[in-house]
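J.: Just one file: query-v5.cif, with mmCIF, C-alpha atoms.
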```cif
data_query
loop_
_atom_site.group_PDB
_atom_site.id
_atom_site.type_symbol
_atom_site.label_atom_id
_atom_site.label_comp_id
_atom_site.auth_asym_id
_atom_site.auth_seq_id
_atom_site.Cartn_x
_atom_site.Cartn_y
_atom_site.Cartn_z
ATOM 1 C CA MET A 166 12.323 19.176 3.679
ATOM 2 C CA GLY A 167 10.546 22.292 4.809
ATOM 3 C CA THR A 168 7.898 21.700 2.154
ATOM 4 C CA LEU A 169 6.803 18.585 4.006
ATOM 5 C CA GLY A 170 5.697 20.656 6.971
ATOM 6 C CA PRO A 171 6.275 20.445 10.697
ATOM 7 C CA ASP A 172 4.917 16.893 10.954
ATOM 8 C CA VAL A 173 8.087 15.561 9.346
ATOM 9 C CA VAL A 174 11.251 15.645 11.448
ATOM 10 C CA ARG A 175 13.520 14.165 8.784
ATOM 11 C CA VAL A 176 13.617 11.806 5.831
ATOM 12 C CA ARG A 177 16.290 9.262 5.015
ATOM 13 C CA TYR A 178 16.405 6.948 2.051
ATOM 14 C CA THR A 179 18.113 3.866 0.709
ATOM 15 C CA LEU A 180 18.354 2.606 -2.858
ATOM 16 C CA GLY A 181 17.843 -1.072 -3.443
ATOM 17 C CA GLU A 182 15.457 -3.623 -4.856
ATOM 18 C CA ASP A 183 12.044 -4.650 -3.735
ATOM 19 C CA TRP A 184 11.077 -8.274 -3.203
ATOM 20 C CA THR A 185 10.540 -8.928 -6.917
ATOM 21 C CA GLY A 186 13.890 -7.372 -7.882
ATOM 22 C CA ASP A 187 12.507 -4.087 -9.179
ATOM 23 C CA ASP A 188 14.723 -1.069 -8.512
ATOM 24 C CA ALA A 189 13.333 0.849 -5.581
ATOM 25 C CA ILE A 190 13.886 3.767 -3.262
ATOM 26 C CA PHE A 191 12.977 3.211 0.371
ATOM 27 C CA PHE A 192 12.101 6.367 2.272
ATOM 28 C CA ARG A 193 12.261 6.410 6.052
ATOM 29 C CA VAL A 194 10.092 9.231 7.340
ATOM 30 C CA LEU A 195 10.473 10.282 10.950
ATOM 31 C CA LEU A 196 7.277 11.947 12.138
ATOM 32 C CA SER A 197 6.718 14.160 15.129
ATOM 33 C CA ASP A 198 4.939 12.440 17.991
ATOM 34 C CA ARG A 199 1.961 14.687 17.453
ATOM 35 C CA ALA A 200 1.659 13.692 13.793
ATOM 36 C CA SER A 201 1.986 10.018 14.697
ATOM 37 C CA LYS A 202 -1.202 9.936 16.714
ATOM 38 C CA ARG A 203 -3.765 7.611 15.226
ATOM 39 C CA ARG A 204 -6.283 10.285 14.481
ATOM 40 C CA GLY A 205 -4.938 11.909 11.363
ATOM 41 C CA LEU A 206 -2.109 9.438 10.747
ATOM 42 C CA LEU A 207 -3.496 8.426 7.361
ATOM 43 C CA GLN A 208 -3.849 12.044 6.321
ATOM 44 C CA VAL A 209 -0.259 12.788 7.330
ATOM 45 C CA THR A 210 1.269 9.732 5.665
ATOM 46 C CA ASN A 211 -0.736 10.235 2.462
ATOM 47 C CA ARG A 212 0.291 13.864 2.287
ATOM 48 C CA VAL A 213 3.968 13.071 2.835
ATOM 49 C CA ARG A 214 3.883 10.195 0.352
ATOM 50 C CA ASP A 215 2.117 12.267 -2.314
ATOM 51 C CA ARG A 216 4.367 15.283 -1.829
ATOM 52 C CA ILE A 217 7.574 13.269 -2.142
ATOM 53 C CA VAL A 218 6.361 11.263 -5.138
ATOM 54 C CA GLN A 219 4.984 14.303 -6.961
ATOM 55 C CA THR A 220 8.131 16.325 -6.309
ATOM 56 C CA LEU A 221 10.739 13.687 -7.114
ATOM 57 C CA GLU A 222 8.803 11.505 -9.574
ATOM 58 C CA PRO A 223 11.122 8.573 -8.777
ATOM 59 C CA VAL A 224 9.502 6.185 -11.256
ATOM 60 C CA GLU A 225 9.520 8.614 -14.153
ATOM 61 C CA GLU A 226 12.934 10.154 -13.414
ATOM 62 C CA TRP A 227 14.960 7.135 -12.320
ATOM 63 C CA GLY A 228 12.781 4.070 -12.697
ATOM 64 C CA LEU A 229 12.686 3.620 -8.921
ATOM 65 C CA LEU A 230 9.557 2.367 -7.232
ATOM 66 C CA PRO A 231 9.010 4.349 -4.010
ATOM 67 C CA TYR A 232 8.334 2.673 -0.678
ATOM 68 C CA PHE A 233 7.752 4.392 2.633
ATOM 69 C CA GLU A 234 8.361 3.572 6.280
ATOM 70 C CA PHE A 235 7.111 5.799 9.079
ATOM 71 C CA ARG A 236 7.952 6.032 12.731
ATOM 72 C CA SER A 237 7.583 8.566 15.484
ATOM 73 C CA GLU A 238 10.335 10.467 17.244
ATOM 74 C CA SER A 239 9.737 8.627 20.493
ATOM 75 C CA GLU A 240 9.771 5.256 18.757
ATOM 76 C CA GLN A 241 13.127 6.105 17.183
ATOM 77 C CA ALA A 242 14.412 7.341 20.542
ATOM 78 C CA ALA A 243 13.627 3.901 21.958
ATOM 79 C CA LEU A 244 14.815 1.846 18.972
ATOM 80 C CA LYS A 245 17.929 3.963 18.269
ATOM 81 C CA GLU A 246 18.393 2.717 14.723
ATOM 82 C CA LYS A 247 21.308 4.395 12.955
ATOM 83 C CA ALA A 248 19.576 4.246 9.592
ATOM 84 C CA TRP A 249 16.919 6.581 10.966
ATOM 85 C CA ALA A 250 19.288 9.012 12.686
ATOM 86 C CA MET B 212 -18.386 -10.142 7.126
ATOM 87 C CA ALA B 213 -16.180 -10.936 4.162
ATOM 88 C CA PHE B 214 -12.842 -12.672 4.639
ATOM 89 C CA GLY B 215 -10.862 -9.578 3.630
ATOM 90 C CA ASP B 216 -12.674 -7.469 6.213
ATOM 91 C CA ASP B 217 -12.037 -10.119 8.867
ATOM 92 C CA LEU B 218 -8.346 -10.070 8.052
ATOM 93 C CA LEU B 219 -8.229 -6.295 8.245
ATOM 94 C CA GLU B 220 -9.876 -6.388 11.644
ATOM 95 C CA GLN B 221 -7.395 -9.044 12.738
ATOM 96 C CA ALA B 222 -4.491 -6.887 11.569
ATOM 97 C CA GLN B 223 -5.787 -4.045 13.712
ATOM 98 C CA HIS B 224 -6.113 -6.383 16.658
ATOM 99 C CA LEU B 225 -2.542 -7.634 16.253
ATOM 100 C CA ALA B 226 -1.110 -4.142 15.902
ATOM 101 C CA ASN B 227 -2.733 -3.138 19.178
ATOM 102 C CA ARG B 228 -2.306 -6.443 21.002
ATOM 103 C CA GLU B 229 0.264 -5.103 23.462
ATOM 104 C CA ARG B 230 -0.610 -1.726 24.922
ATOM 105 C CA LYS B 231 3.026 -0.795 25.452
ATOM 106 C CA GLU B 232 6.156 -2.143 23.802
ATOM 107 C CA PRO B 233 4.547 -4.120 21.010
ATOM 108 C CA ARG B 234 6.195 -7.410 20.188
ATOM 109 C CA GLN B 235 7.838 -7.644 16.793
ATOM 110 C CA ALA B 236 5.895 -10.860 16.204
ATOM 111 C CA SER B 237 2.578 -9.025 16.656
ATOM 112 C CA LEU B 238 3.616 -6.166 14.395
ATOM 113 C CA ARG B 239 4.972 -8.471 11.705
ATOM 114 C CA ARG B 240 1.844 -10.576 11.671
ATOM 115 C CA ALA B 241 -0.254 -7.403 11.529
ATOM 116 C CA VAL B 242 1.631 -6.177 8.462
ATOM 117 C CA SER B 243 1.340 -9.510 6.725
ATOM 118 C CA THR B 244 -2.346 -9.837 7.591
ATOM 119 C CA ALA B 245 -3.114 -6.332 6.325
ATOM 120 C CA TYR B 246 -1.617 -7.229 2.945
ATOM 121 C CA TYR B 247 -3.603 -10.428 2.765
ATOM 122 C CA ALA B 248 -6.751 -8.498 3.605
ATOM 123 C CA LEU B 249 -6.336 -6.456 0.426
ATOM 124 C CA PHE B 250 -5.153 -9.466 -1.570
ATOM 125 C CA HIS B 251 -8.261 -11.442 -0.642
ATOM 126 C CA LEU B 252 -10.564 -8.480 -1.166
ATOM 127 C CA LEU B 253 -9.391 -8.139 -4.759
ATOM 128 C CA ILE B 254 -9.401 -11.809 -5.654
ATOM 129 C CA SER B 255 -12.796 -12.351 -4.060
ATOM 130 C CA GLU B 256 -14.139 -9.439 -6.088
ATOM 131 C CA ALA B 257 -12.630 -10.937 -9.220
ATOM 132 C CA THR B 258 -13.921 -14.450 -8.616
ATOM 133 C CA LEU B 259 -17.407 -13.155 -7.794
ATOM 134 C CA ASN B 260 -17.782 -12.732 -11.528
ATOM 135 C CA TRP B 261 -17.492 -16.482 -11.997
ATOM 136 C CA LYS B 262 -21.056 -17.685 -12.306
ATOM 137 C CA ARG B 263 -20.544 -21.119 -10.768
ATOM 138 C CA ALA B 264 -19.881 -20.332 -7.116
ATOM 139 C CA GLU B 265 -18.459 -23.766 -6.335
ATOM 140 C CA TYR B 266 -15.429 -23.050 -8.550
ATOM 141 C CA ARG B 267 -14.585 -19.619 -7.191
ATOM 142 C CA ASP B 268 -12.116 -20.859 -4.579
ATOM 143 C CA ALA B 269 -10.255 -22.855 -7.213
ATOM 144 C CA LEU B 270 -10.168 -19.824 -9.470
ATOM 145 C CA ALA B 271 -8.785 -17.732 -6.617
ATOM 146 C CA ARG B 272 -5.752 -20.021 -6.503
ATOM 147 C CA VAL B 273 -4.771 -18.887 -9.992
ATOM 148 C CA PHE B 274 -3.792 -15.410 -8.787
ATOM 149 C CA GLU B 275 -0.080 -14.829 -8.218
ATOM 150 C CA HIS B 276 1.428 -12.120 -6.055
ATOM 151 C CA GLY B 277 4.064 -11.102 -8.610
ATOM 152 C CA LYS B 278 1.632 -10.853 -11.500
ATOM 153 C CA MET B 279 -0.772 -8.845 -9.396
ATOM 154 C CA LYS B 280 2.020 -6.453 -8.505
ATOM 155 C CA SER B 281 2.960 -6.060 -12.175
ATOM 156 C CA ALA B 282 -0.643 -5.271 -13.057
ATOM 157 C CA CYS B 283 -0.806 -2.687 -10.284
ATOM 158 C CA ARG B 284 2.437 -1.068 -11.410
ATOM 159 C CA LYS B 285 1.163 -0.874 -14.951
ATOM 160 C CA LYS B 286 -2.077 0.696 -13.807
ATOM 161 C CA MET B 287 -0.217 3.230 -11.654
ATOM 162 C CA GLY B 288 1.859 4.214 -14.680
ATOM 163 C CA GLU B 289 -1.218 4.634 -16.835
ATOM 164 C CA LEU B 290 -2.943 6.759 -14.245
ATOM 165 C CA THR B 291 0.139 8.901 -13.686
ATOM 166 C CA GLY B 292 0.103 9.569 -17.427
ATOM 167 C CA TYR B 293 -3.554 10.478 -17.198
ATOM 168 C CA TYR B 294 -2.866 12.958 -14.367
ATOM 169 C CA LYS B 295 -0.279 14.678 -16.552
ATOM 170 C CA THR B 296 -3.022 15.558 -19.022
ATOM 171 C CA ASN B 297 -4.428 17.855 -16.303
ATOM 172 C CA PRO B 298 -7.876 16.286 -16.259
ATOM 173 C CA ARG B 299 -10.755 18.364 -14.995
ATOM 174 C CA ALA B 300 -11.904 17.808 -11.450
ATOM 175 C CA GLY B 301 -14.895 15.516 -11.494
ATOM 176 C CA SER B 302 -16.094 11.982 -11.126
ATOM 177 C CA GLU B 303 -13.657 10.564 -13.690
ATOM 178 C CA LEU B 304 -10.637 12.017 -11.906
ATOM 179 C CA THR B 305 -11.965 10.929 -8.522
ATOM 180 C CA ALA B 306 -12.484 7.396 -9.798
ATOM 181 C CA ALA B 307 -8.952 7.334 -11.206
ATOM 182 C CA GLN B 308 -7.588 8.459 -7.846
ATOM 183 C CA HIS B 309 -9.498 5.674 -6.103
ATOM 184 C CA LEU B 310 -8.054 3.034 -8.421
ATOM 185 C CA HIS B 311 -4.570 4.522 -8.115
ATOM 186 C CA ARG B 312 -4.874 4.305 -4.343
ATOM 187 C CA VAL B 313 -5.843 0.644 -4.524
ATOM 188 C CA ALA B 314 -2.953 -0.225 -6.854
ATOM 189 C CA GLN B 315 -0.365 1.798 -4.938
ATOM 190 C CA THR B 316 -1.446 0.393 -1.591
ATOM 191 C CA PHE B 317 -1.317 -3.131 -2.956
ATOM 192 C CA VAL B 318 2.265 -2.733 -4.225
ATOM 193 C CA GLU B 319 3.510 -1.182 -1.011
ATOM 194 C CA ALA B 320 1.661 -3.571 1.288
ATOM 195 C CA GLN B 321 2.957 -6.537 -0.671
ATOM 196 C CA ASN B 322 6.569 -5.467 -0.260
ATOM 197 C CA ASN B 323 5.986 -4.814 3.423
ATOM 198 C CA ARG B 324 4.433 -8.235 3.774
ATOM 199 C CA HIS B 325 7.540 -9.803 2.267
ATOM 200 C CA ALA B 326 9.777 -7.880 4.667
ATOM 201 C CA ALA B 327 7.560 -8.728 7.631
ATOM 202 C CA ASP B 328 7.577 -12.424 6.827
ATOM 203 C CA TYR B 329 11.199 -12.907 5.751
ATOM 204 C CA ASP B 330 13.466 -9.980 6.701
ATOM 205 C CA ASN B 331 14.403 -10.293 10.354
ATOM 206 C CA SER B 332 16.755 -7.318 10.121
ATOM 207 C CA ARG B 333 13.897 -4.867 9.725
ATOM 208 C CA VAL B 334 12.584 -3.500 12.994
ATOM 209 C CA TRP B 335 8.949 -2.447 12.945
ATOM 210 C CA ALA B 336 7.496 0.462 14.859
ATOM 211 C CA ARG B 337 3.809 0.568 15.675
ATOM 212 C CA THR B 338 3.359 3.829 13.786
ATOM 213 C CA ASP B 339 4.584 2.176 10.596
ATOM 214 C CA VAL B 340 2.246 -0.768 11.074
ATOM 215 C CA LEU B 341 -0.754 1.417 11.877
ATOM 216 C CA ALA B 342 0.021 3.557 8.836
ATOM 217 C CA GLU B 343 -0.080 0.475 6.642
ATOM 218 C CA ILE B 344 -3.319 -0.767 8.157
ATOM 219 C CA GLU B 345 -4.907 2.652 7.688
ATOM 220 C CA SER B 346 -3.738 2.663 4.077
ATOM 221 C CA VAL B 347 -5.250 -0.734 3.458
ATOM 222 C CA ALA B 348 -8.518 0.290 5.127
ATOM 223 C CA ASN B 349 -8.547 3.351 2.911
ATOM 224 C CA ALA B 350 -7.920 1.188 -0.156
ATOM 225 C CA PHE B 351 -10.940 -0.910 0.846
ATOM 226 C CA LYS B 352 -13.054 2.251 0.824
ATOM 227 C CA SER B 353 -11.629 3.339 -2.503
ATOM 228 C CA TRP B 354 -12.298 -0.044 -4.044
ATOM 229 C CA ARG B 355 -15.881 -0.069 -2.842
ATOM 230 C CA ALA B 356 -16.419 3.349 -4.360
ATOM 231 C CA ILE B 357 -15.528 2.082 -7.847
ATOM 232 C CA ARG B 358 -16.112 -1.673 -7.783
ATOM 233 C CA ASN B 359 -19.053 -1.603 -10.186
ATOM 234 C CA GLU B 360 -17.342 0.532 -12.795
ATOM 235 C CA ASP B 361 -16.186 -1.116 -16.023
ATOM 236 C CA PHE B 362 -12.609 0.128 -15.618
ATOM 237 C CA ALA B 363 -12.451 -1.380 -12.126
ATOM 238 C CA GLN B 364 -13.667 -4.722 -13.402
ATOM 239 C CA ALA B 365 -11.118 -4.564 -16.229
ATOM 240 C CA PHE B 366 -8.438 -3.953 -13.607
ATOM 241 C CA LEU B 367 -9.519 -7.103 -11.777
ATOM 242 C CA VAL B 368 -9.096 -9.131 -14.962
ATOM 243 C CA SER B 369 -5.590 -7.681 -15.409
ATOM 244 C CA LEU B 370 -4.619 -9.072 -12.008
ATOM 245 C CA PHE B 371 -4.563 -12.531 -13.584
ATOM 246 C CA GLY B 372 -1.458 -11.390 -15.422
ATOM 247 C CA GLY B 373 -2.792 -11.089 -18.939
ATOM 248 C CA LYS B 374 -3.829 -8.100 -20.962
ATOM 249 C CA GLU B 375 -6.421 -5.821 -19.516
ATOM 250 C CA PRO B 376 -9.634 -5.971 -21.562
ATOM 251 C CA GLY B 377 -9.810 -3.107 -24.025
ATOM 252 C CA LYS B 378 -6.051 -2.473 -23.946
ATOM 253 C CA GLU B 379 -3.906 -2.948 -27.045
ATOM 254 C CA GLN B 380 -0.792 -4.093 -25.205
#
```
Please lay out the structure from this file as structure tokens.
T.:
Amino acid sequence: MGTLGPDVVRVRYTLGEDWTGDDAIFFRVLLSDRASKRRGLLQVTNRVRDRIVQTLEPVEEWGLLPYFEFRSESEQAALKEKAWA
Amino acid sequence: MAFGDDLLEQAQHLANRERKEPRQASLRRAVSTAYYALFHLLISEATLNWKRAEYRDALARVFEHGKMKSACRKKMGELTGYYKTNPRAGSELTAAQHLHRVAQTFVEAQNNRHAADYDNSRVWARTDVLAEIESVANAFKSWRAIRNEDFAQAFLVSLFGGKEPGKEQ
């Protein structure tokens, strides 16, 4: 995960299906609070998305369509969702 | 202001409606509205090509979410194949990246919209919602950069669910 840089605290994923039944991989990306600020959020999320997709090639390798969720460390601290821990 | 732009602005408003502790209802509606902003941008662009303006709204009803997603997936696959040919940096590659961004954003926003509208188990954080809205806004910019190109117009036709003009299969 080091290749994703200091903006990314951790990444979790789940395999499943999207709403049309296509096989999918759902990435949950926990961002640092600094990276989650509005200014630059698009740049951070695009970079993380591109890096993961280009590295893993989930469609080409496994036929899995990638989806991404993002949240900040402080949001997770408040929500305390196990799936993000 | 076009309907798609209005929806995008509304999504931003909903995402920021509560200064602290955003309500799930606001975030869910923001996610759904952001998807519909892109959905309506694309179908309005497609129906603009219909000469008789009074029939454009009826034509817009022909578009189906699932078929539009399939067309976007197909386009993403084609463009990924194109990237693997190591194309030279230039206007053609930039245009391909714009269209890829539009298709990818559409697919992801559509799935998020479905979760926001129907999956009560998913908890939304404002960062996630703002990230989607920013992605959609970026897709708007990408679309407007290529909207007059033949390949972009062919993509619009593919959203109906048939073959893309000029493609063998």
J.: I'd like the neighbourhood of region 208-220 of chain A as an mmCIF file with C-alpha atoms, keeping the file's coordinate frame, where a residue qualifies if any of its atoms comes within 9 Å (using only C-alpha atoms), though same-chain residues fewer than 6 positions away should be ignored.
T.:
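Saved as out-v2.cif:
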```
data_model
loop_
_atom_site.group_PDB
_atom_site.id
_atom_site.type_symbol
_atom_site.label_atom_id
_atom_site.label_comp_id
_atom_site.auth_asym_id
_atom_site.auth_seq_id
_atom_site.Cartn_x
_atom_site.Cartn_y
_atom_site.Cartn_z
ATOM 1 C CA THR A 168 7.898 21.700 2.154
ATOM 2 C CA LEU A 169 6.803 18.585 4.006
ATOM 3 C CA GLY A 170 5.697 20.656 6.971
ATOM 4 C CA ASP A 172 4.917 16.893 10.954
ATOM 5 C CA VAL A 173 8.087 15.561 9.346
ATOM 6 C CA VAL A 194 10.092 9.231 7.340
ATOM 7 C CA LEU A 196 7.277 11.947 12.138
ATOM 8 C CA ALA A 200 1.659 13.692 13.793
ATOM 9 C CA SER A 201 1.986 10.018 14.697
ATOM 10 C CA PRO A 231 9.010 4.349 -4.010
ATOM 11 C CA TYR A 232 8.334 2.673 -0.678
ATOM 12 C CA PHE A 233 7.752 4.392 2.633
ATOM 13 C CA PHE A 235 7.111 5.799 9.079
ATOM 14 C CA ALA B 342 0.021 3.557 8.836
ATOM 15 C CA SER B 346 -3.738 2.663 4.077
#
```
J.: Quick one: pull the distance between CA of Cys283 (chain B) and CA of Met212 (chain B), Å, one decimal.
T.: 25.8 Å
J.: Please produce, as a Markdown table, a per-residue contact table for chain A versus chain B (criterion: any atom at most 7 Å away, all atoms listed in the file considered), showing the nearest atom pair and its distance in Å to one decimal, sorted by chain then residue number.
T.:
```
| residue | atom | partner | partner_atom | distance |
| --- | --- | --- | --- | --- |
| A:Asp183 | CA | B:Asn322 | CA | 6.5 |
| A:Trp184 | CA | B:Asn322 | CA | 6.1 |
| A:Ser201 | CA | B:Thr338 | CA | 6.4 |
| A:Leu206 | CA | B:Ala342 | CA | 6.5 |
| A:Leu207 | CA | B:Glu345 | CA | 6.0 |
| A:Tyr232 | CA | B:Glu319 | CA | 6.2 |
| A:Glu234 | CA | B:Asp339 | CA | 5.9 |
| A:Phe235 | CA | B:Asp339 | CA | 4.7 |
| A:Arg236 | CA | B:Thr338 | CA | 5.2 |
| A:Ser237 | CA | B:Thr338 | CA | 6.6 |
| A:Glu240 | CA | B:Ala336 | CA | 6.6 |
```
J.: Could you please determine the separation between CA of Ala269 (chain B) and CA of Ala213 (chain B) in Å, to one decimal place?
T.: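 Value for the CA of Ala269 (chain B)-CA of Ala213 (chain B) distance: 17.5 Å.
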J.: Might you spell out which residues the PyMOL selection byres ((chain A and resi 188) around 12) would select in the displayed file, as number ranges by chain?
T.: A: 179-187, 189-191, 223-224, 227-232
J.: Take CA of Met287 (chain B) and CA of Ser369 (chain B) and report the distance between them in Å, one decimal.
T.: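 It comes out at 12.7 Å.
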J.: Box in all listed atoms of region 178-186 of chain A, axis-aligned, with 8 Å more on each side; write out centre and edge lengths in Å to one decimal as AutoDock Vina command-line options.
T.:
```
--center_x 14.4 --center_y -1.0 --center_z -2.9 --size_x 23.8 --size_y 31.9 --size_z 25.9
```
J.: Give as a VMD selection string each residue that has an atom at most 10 Å from (2.2, -7.8, 17.9) in the file, counting all atoms listed in the file.
T.: chain B and resid 222 to 230 232 to 242 335 337 340
